[in-house]
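Q: Structure file data26.txt, compact mmCIF, C-alpha atoms, is pasted below:
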# COMPACT_ATOMS: atom_id res chain seq x y z
CA MET A 1 -44.04 61.72 42.53
CA PRO A 2 -45.47 60.93 39.93
CA THR A 3 -43.87 63.16 37.32
CA ALA A 4 -46.29 65.71 35.93
CA ALA A 5 -46.73 65.88 32.19
CA PHE A 6 -47.58 69.59 32.43
CA PRO A 7 -44.69 71.43 34.14
CA ASP A 8 -45.65 74.37 36.33
CA ALA A 9 -44.72 77.62 34.61
CA GLU A 10 -43.25 78.97 37.84
CA ALA A 11 -40.63 76.23 37.86
CA ALA A 12 -39.27 77.48 34.56
CA GLU A 13 -38.66 81.05 35.69
CA ALA A 14 -35.08 82.31 35.37
CA PRO A 15 -33.01 82.87 38.52
CA PRO A 16 -32.30 86.44 39.71
CA ASN A 17 -29.51 88.59 38.25
CA GLY A 18 -30.45 87.67 34.71
CA GLY A 19 -29.65 84.01 35.28
CA ARG A 20 -26.11 84.70 36.60
CA THR A 21 -25.08 83.52 40.04
CA ARG A 22 -22.44 85.37 42.07
CA ARG A 23 -19.49 83.24 43.12
CA PRO A 24 -17.88 84.06 46.52
CA LEU A 25 -14.39 85.48 46.37
CA ARG A 26 -11.93 82.64 46.94
CA ARG A 27 -8.87 84.57 48.32
CA PRO A 28 -10.46 85.78 51.60
CA ILE A 29 -11.82 82.27 52.27
CA VAL A 30 -8.42 80.61 51.75
CA THR A 31 -6.69 83.18 53.96
CA ALA A 32 -9.20 82.69 56.75
CA LEU A 33 -8.93 78.91 56.53
CA LEU A 34 -5.11 78.98 56.81
CA ALA A 35 -5.33 81.24 59.84
CA TYR A 36 -7.81 78.86 61.46
CA LEU A 37 -5.53 75.83 60.86
CA VAL A 38 -2.54 77.64 62.35
CA THR A 39 -4.61 78.40 65.45
CA LEU A 40 -5.62 74.73 65.83
CA VAL A 41 -2.03 73.49 65.46
CA ALA A 42 -0.82 76.03 67.98
CA ALA A 43 -3.44 74.77 70.42
CA GLY A 44 -2.13 71.20 70.10
CA PHE A 45 -4.79 69.72 67.82
CA VAL A 46 -3.76 67.20 65.11
CA ILE A 47 -5.71 67.28 61.85
CA ASP A 48 -5.73 64.43 59.32
CA ALA A 49 -5.45 66.20 56.00
CA GLY A 50 -7.05 63.27 54.22
CA ASP A 51 -10.15 63.49 56.45
CA ALA A 52 -10.29 67.26 56.12
CA GLN A 53 -10.52 67.01 52.36
CA GLN A 54 -13.38 64.47 52.30
CA PRO A 55 -16.59 66.03 51.00
CA ALA A 56 -19.66 65.84 53.14
CA ALA A 57 -21.91 62.87 52.46
CA PRO A 58 -24.90 63.81 50.35
CA PRO A 59 -28.29 63.55 52.01
CA PRO A 60 -30.11 60.30 51.30
CA SER A 61 -32.44 60.48 48.33
CA PRO A 62 -35.97 59.13 48.54
CA SER A 63 -36.30 55.64 47.15
CA ARG A 64 -37.95 55.36 43.76
CA PRO A 65 -40.43 52.50 43.43
CA ALA A 66 -39.50 49.83 40.96
CA PRO A 67 -41.48 49.59 37.73
CA VAL A 68 -44.51 47.31 37.86
CA HIS A 69 -44.51 44.53 35.30
CA ALA A 70 -47.70 42.99 33.95
CA ALA A 71 -48.13 40.32 31.31
CA PRO A 72 -48.75 42.17 28.02
CA THR A 73 -51.45 39.71 26.94
CA ARG A 74 -55.07 40.53 26.32
CA GLU A 75 -57.63 38.14 27.77
CA PRO A 76 -60.37 37.11 25.34
CA ALA A 77 -63.62 39.00 25.69
CA PRO A 78 -66.14 37.34 28.01
CA PRO A 79 -69.33 36.05 26.38
CA MET A 80 -72.08 38.51 25.49
CA SER A 81 -75.76 37.77 25.14
CA ASP A 82 -79.01 39.56 24.38
CA VAL A 83 -80.67 37.63 27.23
CA ILE A 84 -80.74 38.94 30.81
CA PRO A 85 -79.09 36.39 33.13
CA ASP A 86 -80.82 35.05 36.22
CA ARG A 87 -80.63 37.42 39.12
CA PRO A 88 -78.37 36.07 41.89
CA GLY A 89 -79.20 35.93 45.55
CA VAL A 90 -77.16 37.59 48.27
CA ALA A 91 -76.10 34.87 50.68
CA ARG A 92 -74.11 37.02 53.10
CA VAL A 93 -72.64 40.48 53.63
CA ASP A 94 -69.74 40.93 56.06
CA ARG A 95 -68.79 44.37 57.30
CA LEU A 96 -65.01 44.47 57.57
CA ASP A 97 -62.64 47.08 58.96
CA PRO A 98 -62.40 50.21 56.79
CA VAL A 99 -59.58 50.41 54.26
CA HIS A 100 -56.39 51.25 56.20
CA GLN A 101 -55.07 54.41 54.55
CA GLN A 102 -52.03 56.67 54.71
CA GLY A 103 -51.56 58.31 58.11
CA ARG A 104 -52.34 61.90 57.08
CA VAL A 105 -55.65 61.02 55.42
CA THR A 106 -58.73 62.07 57.37
CA GLY A 107 -61.07 61.46 54.45
CA ARG A 108 -61.07 60.90 50.70
CA ASP A 109 -64.04 59.94 48.60
CA ASN A 110 -64.66 57.84 45.53
CA GLY A 111 -61.94 55.17 45.47
CA GLN A 112 -61.95 53.06 42.31
CA SER A 113 -59.28 50.49 41.56
CA THR A 114 -57.86 47.97 39.10
CA ARG A 115 -55.23 45.25 39.16
CA TYR A 116 -51.97 45.83 37.34
CA GLY A 117 -49.32 43.14 37.70
CA ASP A 118 -48.85 42.20 41.33
CA ARG A 119 -50.71 45.15 42.78
CA SER A 120 -53.99 47.00 43.09
CA VAL A 121 -53.96 50.61 41.85
CA TRP A 122 -56.44 53.02 43.49
CA VAL A 123 -57.50 56.57 42.61
CA PHE A 124 -59.45 58.99 44.82
CA ALA A 125 -61.15 62.36 44.44
CA ASP A 126 -61.34 65.01 47.19
CA THR A 127 -58.77 64.20 49.86
CA GLU A 128 -58.47 65.84 53.28
CA LEU A 129 -55.12 65.68 55.07
CA THR A 130 -53.94 66.69 58.50
CA LYS A 131 -50.60 67.61 60.17
CA PRO A 132 -50.45 69.98 58.36
CA ASP A 133 -53.99 70.41 57.14
CA ALA A 134 -54.39 70.28 53.37
CA PHE A 135 -57.02 69.61 50.74
CA LEU A 136 -56.31 67.92 47.39
CA SER A 137 -58.81 67.29 44.61
CA ASN A 138 -57.26 63.92 43.71
CA THR A 139 -54.78 61.37 45.02
CA ALA A 140 -53.67 57.84 44.17
CA ALA A 141 -52.00 54.85 45.81
CA SER A 142 -51.16 51.23 45.10
CA THR A 143 -50.67 48.15 47.21
CA VAL A 144 -49.47 44.56 46.87
CA ASP A 145 -52.11 43.56 49.42
CA LEU A 146 -54.49 41.59 47.20
CA THR A 147 -56.26 39.70 49.98
CA GLY A 148 -59.40 41.44 51.09
CA GLY A 149 -60.68 39.06 53.74
CA ASP A 150 -58.38 40.42 56.45
CA GLY A 151 -58.90 44.03 55.36
CA ILE A 152 -57.07 46.14 52.77
CA THR A 153 -53.92 48.09 53.60
CA LEU A 154 -53.44 51.13 51.38
CA THR A 155 -50.86 53.29 53.13
CA ALA A 156 -48.69 54.22 50.14
CA ALA A 157 -48.16 57.89 49.36
CA ASP A 158 -48.43 57.62 45.56
CA VAL A 159 -49.40 55.44 42.63
CA GLY A 160 -46.00 53.74 42.66
CA GLY A 161 -46.55 52.38 46.16
CA THR A 162 -43.93 54.59 47.83
CA ALA A 163 -44.02 54.74 51.61
CA GLY A 164 -43.84 58.25 53.00
CA ASP A 165 -45.74 61.50 53.21
CA LEU A 166 -48.79 62.09 51.04
CA HIS A 167 -48.53 65.69 49.90
CA ASP A 168 -49.20 65.96 46.18
CA GLU A 169 -52.05 65.66 43.73
CA PHE A 170 -51.96 62.75 41.34
CA LEU A 171 -53.23 64.29 38.11
CA PRO A 172 -51.05 67.05 36.61
CA TRP A 173 -52.15 70.60 35.86
CA ALA A 174 -51.81 72.45 32.58
CA ASP A 175 -49.89 75.72 32.48
CA ALA A 176 -53.05 77.50 31.30
CA GLU A 177 -54.97 76.29 34.34
CA ARG A 178 -52.33 77.43 36.82
CA THR A 179 -51.96 80.76 35.02
CA PHE A 180 -55.72 81.30 35.18
CA GLU A 181 -55.81 80.57 38.93
CA ARG A 182 -52.95 82.98 39.63
CA ALA A 183 -54.50 85.70 37.48
CA HIS A 184 -57.78 85.47 39.39
CA ALA A 185 -56.34 85.13 42.87
CA LYS A 186 -56.26 88.91 43.39
CA ASN A 187 -57.08 92.11 41.48
CA CYS A 188 -59.32 89.90 39.42
CA VAL A 189 -62.54 90.03 37.50
CA VAL A 190 -65.38 89.47 39.97
CA ARG A 191 -66.96 86.68 37.93
CA TYR A 192 -64.01 84.31 38.45
CA CYS A 193 -62.28 85.85 41.47
CA GLY A 194 -60.86 83.10 43.65
CA VAL A 195 -61.75 80.30 41.24
CA THR A 196 -59.73 77.08 41.36
CA PHE A 197 -59.81 73.94 39.24
CA ALA A 198 -60.38 70.37 40.40
CA LEU A 199 -59.76 67.06 38.67
CA TRP A 200 -61.81 64.13 39.98
CA PRO A 201 -60.58 60.68 38.94
CA GLY A 202 -63.25 58.21 37.89
CA PRO A 203 -62.84 54.64 36.63
CA VAL A 204 -59.36 53.15 36.34
CA ILE A 205 -58.44 50.29 33.98
CA ALA A 206 -55.28 48.34 33.21
CA ASP A 207 -53.62 48.38 29.78
CA PRO A 208 -50.59 46.08 30.19
CA GLN A 209 -49.95 45.84 26.44
CA ARG A 210 -48.93 49.48 26.54
CA HIS A 211 -47.46 49.36 30.08
CA ARG A 212 -49.99 51.80 31.43
CA VAL A 213 -53.03 52.35 33.60
CA ILE A 214 -55.83 54.50 32.17
CA VAL A 215 -57.80 56.89 34.38
CA LEU A 216 -60.91 58.73 33.20
CA TYR A 217 -61.56 61.95 35.08
CA HIS A 218 -63.92 64.91 35.49
CA LYS A 219 -62.72 68.50 35.29
CA LEU A 220 -64.55 71.23 37.21
CA CYS A 221 -64.07 74.72 38.57
CA ARG A 222 -64.85 75.88 42.10
CA GLY A 223 -65.39 79.15 43.94
CA GLY A 224 -65.84 82.63 42.61
CA ALA A 225 -68.48 85.23 43.36
CA ALA A 226 -71.94 84.21 44.54
CA LYS A 227 -74.13 82.99 41.66
CA ALA A 228 -71.09 82.97 39.37
CA PRO A 229 -70.57 79.91 37.10
CA CYS A 230 -68.17 78.08 39.44
CA SER A 231 -69.82 78.91 42.77
CA GLN A 232 -72.19 75.94 42.98
CA ARG A 233 -71.95 73.69 46.03
CA TYR A 234 -69.81 71.08 44.29
CA GLY A 235 -68.42 73.34 41.60
CA GLN A 236 -69.23 73.61 37.92
CA ASP A 237 -68.68 70.70 35.52
CA ILE A 238 -66.40 71.56 32.61
CA GLY A 239 -66.02 68.16 30.96
CA SER A 240 -64.15 64.86 31.13
CA GLY A 241 -60.80 63.58 29.93
CA VAL A 242 -58.46 60.60 29.88
CA ALA A 243 -55.12 60.26 31.70
CA ALA A 244 -52.45 57.58 31.38
CA VAL A 245 -49.96 56.38 34.01
CA ASP A 246 -46.79 54.83 32.61
CA MET A 247 -46.24 51.99 35.08
CA ARG A 248 -42.52 51.85 34.25
CA THR A 249 -41.82 55.47 35.23
CA TYR A 250 -45.07 56.52 37.00
CA ARG A 251 -45.28 59.54 34.75
CA VAL A 252 -48.89 60.75 34.52
CA THR A 253 -50.09 62.38 31.30
CA ARG A 254 -53.44 63.91 30.51
CA LEU A 255 -53.99 62.67 26.98
CA THR A 256 -54.84 65.01 24.12
CA ALA A 257 -58.13 64.18 22.41
CA GLY A 258 -57.16 63.32 18.86
CA ASN A 259 -59.11 64.08 15.68
CA VAL A 260 -61.55 66.49 17.29
CA GLU A 261 -61.69 70.25 17.71
CA PRO A 262 -60.51 71.29 21.21
CA LEU A 263 -63.38 71.98 23.60
CA SER A 264 -63.80 75.16 25.60
CA SER A 265 -62.97 75.66 29.26
CA ILE A 266 -63.07 78.85 31.29
CA GLU A 267 -59.34 79.39 30.74
CA GLY A 268 -59.65 78.88 26.97
CA ARG A 269 -59.51 75.87 24.67
CA ASP A 270 -58.54 72.68 26.50
CA PRO A 271 -57.18 69.97 24.14
CA THR A 272 -57.35 67.34 26.91
CA LEU A 273 -61.16 67.45 27.15
CA PHE A 274 -62.78 64.52 25.36
CA PHE A 275 -66.36 65.44 26.27
CA GLY A 276 -68.16 68.55 27.44
CA PRO A 277 -70.21 68.93 30.62
CA ASP A 278 -73.41 67.64 29.01
CA THR A 279 -72.06 64.16 28.23
CA ARG A 280 -68.95 63.46 30.36
CA TYR A 281 -67.99 59.81 29.85
CA ALA A 282 -66.18 59.06 33.11
CA SER A 283 -68.62 57.19 35.38
CA ALA A 284 -67.53 53.57 34.85
CA ALA A 285 -65.34 51.55 32.48
CA VAL A 286 -64.67 47.89 31.80
CA VAL A 287 -62.25 46.17 29.39
CA ALA A 288 -63.56 43.33 27.23
CA GLY A 289 -61.01 41.88 24.84
CA ASP A 290 -59.48 44.70 22.81
CA ASP A 291 -62.24 47.19 23.62
CA VAL A 292 -63.11 49.32 26.61
CA TYR A 293 -66.70 50.21 27.40
CA VAL A 294 -67.05 53.62 29.04
CA TYR A 295 -70.21 54.83 30.77
CA GLY A 296 -71.32 58.43 31.00
CA ASP A 297 -73.95 60.95 29.97
CA CYS A 298 -75.75 59.97 33.19
CA ARG A 299 -78.97 61.96 33.51
CA THR A 300 -81.08 62.77 36.53
CA ASP A 301 -84.41 62.42 34.72
CA ASP A 302 -84.10 58.63 34.31
CA VAL A 303 -81.12 57.96 36.65
CA ARG A 304 -79.36 55.98 33.95
CA CYS A 305 -76.14 56.21 31.94
CA ARG A 306 -75.22 55.73 28.28
CA VAL A 307 -72.32 53.61 27.07
CA ALA A 308 -69.53 54.17 24.57
CA LYS A 309 -67.07 51.70 23.08
CA VAL A 310 -63.52 52.35 21.86
CA PRO A 311 -60.49 50.12 21.14
CA LEU A 312 -58.20 50.38 24.15
CA ALA A 313 -55.23 51.02 21.85
CA LYS A 314 -57.08 54.03 20.35
CA ILE A 315 -58.64 55.49 23.47
CA ALA A 316 -56.96 58.86 22.78
CA ASP A 317 -58.50 59.02 19.28
CA ARG A 318 -61.83 60.72 19.86
CA SER A 319 -62.99 59.78 16.35
CA ALA A 320 -62.70 56.06 17.25
CA TRP A 321 -65.36 56.27 19.99
CA ARG A 322 -68.79 54.77 19.23
CA PHE A 323 -72.01 55.19 21.21
CA TYR A 324 -74.64 52.53 21.74
CA GLY A 325 -77.92 53.45 20.07
CA GLY A 326 -79.75 50.21 20.87
CA ASP A 327 -80.54 47.00 18.94
CA GLY A 328 -76.86 46.33 18.25
CA TRP A 329 -76.29 49.71 16.59
CA TRP A 330 -73.23 51.85 17.41
CA SER A 331 -73.09 55.46 16.26
CA ALA A 332 -70.28 58.01 15.95
CA ASP A 333 -72.65 60.65 17.38
CA PRO A 334 -73.06 60.78 21.21
CA ALA A 335 -76.56 62.20 20.68
CA ASP A 336 -77.68 58.79 19.39
CA ALA A 337 -76.80 56.99 22.66
CA VAL A 338 -79.65 55.40 24.62
CA ALA A 339 -79.95 54.88 28.37
CA THR A 340 -78.61 51.55 29.62
CA ILE A 341 -77.41 50.92 33.19
CA ARG A 342 -78.59 52.60 36.38
CA ALA A 343 -76.42 55.49 37.53
CA GLY A 344 -74.63 55.63 40.86
CA GLY A 345 -73.83 58.68 42.94
CA ALA A 346 -70.21 59.46 41.87
CA GLY A 347 -70.07 56.45 39.53
CA ASN A 348 -70.46 52.69 39.14
CA THR A 349 -68.45 49.51 38.72
CA VAL A 350 -69.21 47.22 35.77
CA LEU A 351 -67.52 43.80 35.81
CA TRP A 352 -67.74 40.31 34.35
CA ASN A 353 -68.57 37.67 36.98
CA PRO A 354 -67.60 34.17 35.81
CA ALA A 355 -69.42 32.36 38.63
CA LEU A 356 -72.70 34.12 37.82
CA GLU A 357 -72.06 34.03 34.06
CA ALA A 358 -73.21 37.62 33.98
CA TRP A 359 -72.07 41.19 33.69
CA VAL A 360 -72.71 43.02 36.95
CA ASN A 361 -73.29 46.71 37.66
CA VAL A 362 -72.60 47.74 41.29
CA TYR A 363 -73.59 51.21 42.48
CA MET A 364 -75.23 53.38 45.15
CA GLU A 365 -77.70 56.06 44.18
CA TYR A 366 -76.81 59.34 45.86
CA GLY A 367 -78.69 59.69 49.15
CA SER A 368 -80.03 56.11 49.19
CA HIS A 369 -77.43 54.43 51.49
CA GLU A 370 -78.16 51.13 49.68
CA VAL A 371 -75.58 49.18 47.70
CA ARG A 372 -77.47 47.98 44.65
CA ALA A 373 -76.70 45.84 41.61
CA GLN A 374 -77.94 44.71 38.21
CA VAL A 375 -76.98 41.79 36.00
CA GLY A 376 -76.71 42.09 32.24
CA GLY A 377 -76.09 39.99 29.17
CA ALA A 378 -73.42 42.36 27.81
CA PRO A 379 -71.71 45.60 28.85
CA TYR A 380 -74.34 47.49 26.85
CA GLY A 381 -77.27 45.40 28.16
CA PRO A 382 -79.91 44.24 28.37
CA TRP A 383 -79.87 44.80 32.13
CA SER A 384 -82.09 43.41 34.86
CA ASP A 385 -84.10 45.49 37.25
CA PRO A 386 -81.90 46.64 40.13
CA PHE A 387 -81.83 44.72 43.41
CA THR A 388 -80.53 45.64 46.85
CA VAL A 389 -77.27 44.03 47.98
CA THR A 390 -77.24 45.61 51.45
CA ASP A 391 -78.16 48.71 53.37
CA THR A 392 -75.41 50.82 54.95
CA ASP A 393 -75.15 53.01 58.03
CA PRO A 394 -74.50 56.70 57.29
CA GLY A 395 -73.46 57.39 60.90
CA GLU A 396 -74.79 60.17 63.08
CA TYR A 397 -75.12 62.52 60.13
CA GLY A 398 -73.98 62.78 56.56
CA THR A 399 -74.35 60.65 53.49
CA ASN A 400 -72.91 57.45 52.10
CA TYR A 401 -72.04 57.39 48.41
CA ALA A 402 -69.46 56.20 45.86
CA ALA A 403 -70.02 52.44 46.16
CA TYR A 404 -67.60 50.47 43.98
CA ALA A 405 -66.66 46.82 43.54
CA HIS A 406 -62.99 45.82 43.38
CA PRO A 407 -62.89 42.65 41.23
CA GLU A 408 -59.13 42.16 41.69
CA TYR A 409 -60.00 41.01 45.23
CA ALA A 410 -62.77 38.61 44.15
CA GLU A 411 -62.82 35.03 45.45
CA ARG A 412 -64.49 31.77 44.39
CA ASP A 413 -64.54 32.76 40.72
CA GLY A 414 -66.48 35.92 41.53
CA LEU A 415 -69.08 34.63 44.00
CA VAL A 416 -67.30 36.69 46.67
CA GLN A 417 -66.84 40.36 45.83
CA TYR A 418 -65.35 43.22 47.85
CA VAL A 419 -67.18 46.55 47.78
CA THR A 420 -66.23 49.92 49.27
CA TYR A 421 -68.29 53.04 49.84
CA TYR A 422 -67.50 56.43 51.30
CA GLN A 423 -69.01 57.33 54.68
CA GLN A 424 -69.13 61.11 54.88
CA PHE A 425 -69.58 61.11 58.66
CA SER A 426 -66.31 59.33 59.43
CA GLY A 427 -64.34 60.01 56.24
CA ALA A 428 -63.70 56.26 55.98
CA GLN A 429 -63.69 53.96 53.00
CA LYS A 430 -66.01 51.29 54.39
CA LEU A 431 -65.31 47.74 53.21
CA LEU A 432 -67.89 45.00 52.58
CA ARG A 433 -67.44 41.35 51.64
CA VAL A 434 -70.45 40.28 49.56
CA THR A 435 -71.16 36.60 48.92
CA PHE A 436 -73.59 35.92 46.07
CA SER A 437 -75.54 32.71 45.55
CA PRO A 438 -76.17 31.80 41.90
Using the file provided, produce a representation of the structure as structure tokens.
A:
Amino acid sequence: MPTAAFPDAEAAEAPPNGGRTRRPLRRPIVTALLAYLVTLVAAGFVIDAGDAQQPAAPPPSPSRPAPVHAAPTREPAPPMSDVIPDRPGVARVDRLDPVHQQGRVTGRDNGQSTRYGDRSVWVFADTELTKPDAFLSNTAASTVDLTGGDGITLTAADVGGTAGDLHDEFLPWADAERTFERAHAKNCVVRYCGVTFALWPGPVIADPQRHRVIVLYHKLCRGGAAKAPCSQRYGQDIGSGVAAVDMRTYRVTRLTAGNVEPLSSIEGRDPTLFFGPDTRYASAAVVAGDDVYVYGDCRTDDVRCRVAKVPLAKIADRSAWRFYGGDGWWSADPADAVATIRAGGAGNTVLWNPALEAWVNVYMEYGSHEVRAQVGGAPYGPWSDPFTVTDTDPGEYGTNYAAYAHPEYAERDGLVQYVTYYQQFSGAQKLLRVTFSP
């Protein structure tokens, strides 16, 4: 669970014998049963016919989590300004116990979250499991533990908060993707032999008016022959898309990009791609009133991202997206977007902080080990110069990355924020409590 929106083609295959099943002959069974009863009676056993006719109790079915209810109201948009707010101080940073995760998890990176109703919904990218060993490109969980000061417990096996065994990926696969993987598993063209797809969840936002949680994600391919398109260390970017989780049924759907020509993927045209590999808007997202601001097109030359804006109700309509070109101008062309916030390794968190009266960008540049932040007058800027929140320990070897804030855990009107980052050495989601001073 959750229910996939793209059913696996193998599940729809017809049963053997042309779809007909062979029924056992009834007469020999009845004859044998009567002979057995006669033997028991002769041996002095008494059988209660009523008990003998009772069917066996069905095995217990796994419990289905109840739907999550959230108030379908939209909060007014926080104030926006063309003036950079005062930069806050960092009064204290407490290093808490790592996020307590499901028992099979030995490591899973990224880890962005949002509040929906009475719970916090989390999504992760690459996930390593043990007993038995397994590797998934994405997973999700939710928890009603909304108090961060004593640690965060996130032991659910799925987005609905079900207790049990974590064994399935969260985002569904298209038939074309599965067919492509099977076709290139053996007797395949060398260029794509052994290639698999991965879906990496990015920012997650709540949309209670439509009873859903929105997840933006990256699509990539991995493996193949040396120097082939998908054989890079972390795979080859294909593009980014948008998924929706119905919080009444936990059905996950990769949305079709409306009013745009389908983009290309290695398996053919993929109608669920909203952006190609050169732009990819799936690094951060924040809701402000009726709109959602989505960050992407993050470039290595200036280590900054661009920002798009789209009404949350029309997020699946690609023609409704607008891209910030500076000086209050929004364009329908992504090529007009200008650099705004600093980019984080694996993404950022952008949030409104009431106590600081500022928009805040929290991130960690890949390889830096520092949690950093900026303050801005609006989701599209202007933004302050970055400042260091705290340094982190990468352990004996490895890298820290994927630093995110989790504003649903904030305290004191936002002065206290909870931040996680992934420690590659231990596979843990490290947890920090950051106290700002205005």
Q: Please check which residues have atoms at most 12 Å from (-55.1, 61.9, 54.4) in the file's coordinates, counting all atoms listed in the file, and write them as a ChimeraX atom specification.
A: /A:100-109,124-141,154-158,164-169,427-429
Q: List every protein, DNA or RNA residue that has at least one atom no more than 9 Å from (-68.6, 57.4, 53.3) in the file's coordinates, counting only C-alpha atoms, and write the result as a PyMOL selection string.
A: chain A and resi 107-110+394+398-403+420-430
Q: What is the atom CA of Gly395 of chain A to atom CA of Leu432 of chain A distance in Å?
A: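 Atom CA of Leu432 of chain A lies 15.9 Å from atom CA of Gly395 of chain A.
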Q: Rounded to one decimal in Å, what is the spacing between atom CA of Asp207 of chain A and atom CA of Trp122 of chain A?
A: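 Distance reported for this atom pair: 14.7 Å.
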Q: From the list A:Thr256, A:Asn361, A:Thr349, A:Thr390, which residue is nearest Thr272 of chain A when using only C-alpha atoms?
A: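 Looking at the shortest contact to Thr272 of chain A, the residue is A:Thr256.
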Q: Grab the atom CA of Glu396 of chain A to atom CA of Arg233 of chain A distance for me, in Å with one decimal place.
A: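 Atom-to-atom, atom CA of Glu396 of chain A and atom CA of Arg233 of chain A are spaced 21.9 Å apart.
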Q: Hey, could you pull the box centre and edge lengths for segment 258-270 of chain A, axis-aligned, 8 Å padding per side, all listed atoms, to one decimal in Å, as JSON?
A:
{"center_x": -60.5, "center_y": 71.4, "center_z": 23.5, "size_x": 22.6, "size_y": 32.1, "size_z": 31.6}
Q: Which residue is closest to Gly111 of chain A? Choose from A:Gly326, A:Pro72, A:Pro201, A:Gly149 and count all atoms listed in the file.
A: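 Closest candidate: A:Pro201.
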Q: Would you kindly return, as a list of chain:residue names, each protein, DNA or RNA residue with an atom no farther than 8 Å from any atom of Ala358 of chain A, considering only C-alpha atoms and excluding same-chain residues fewer than 5 positions away?
A: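 Residues meeting the cut-off are A:Pro85, A:Trp352, A:Asn353, A:Val375, A:Gly376, A:Gly377, A:Ala378.
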Q: For Ile84 of chain A, which residue among A:Trp329, A:Tyr380, A:Tyr397, A:Tyr363 is the nearest when counting only C-alpha atoms?
A: A:Tyr380
Q: Tell me which protein, DNA and RNA residues are within 12 Å of Thr300 of chain A, counting all atoms listed in the file, leaving out same-chain ones fewer than 3 positions away, and put them as a VMD selection string.
A: chain A and resid 278 297 303 to 305 339 342 to 345 365 to 366
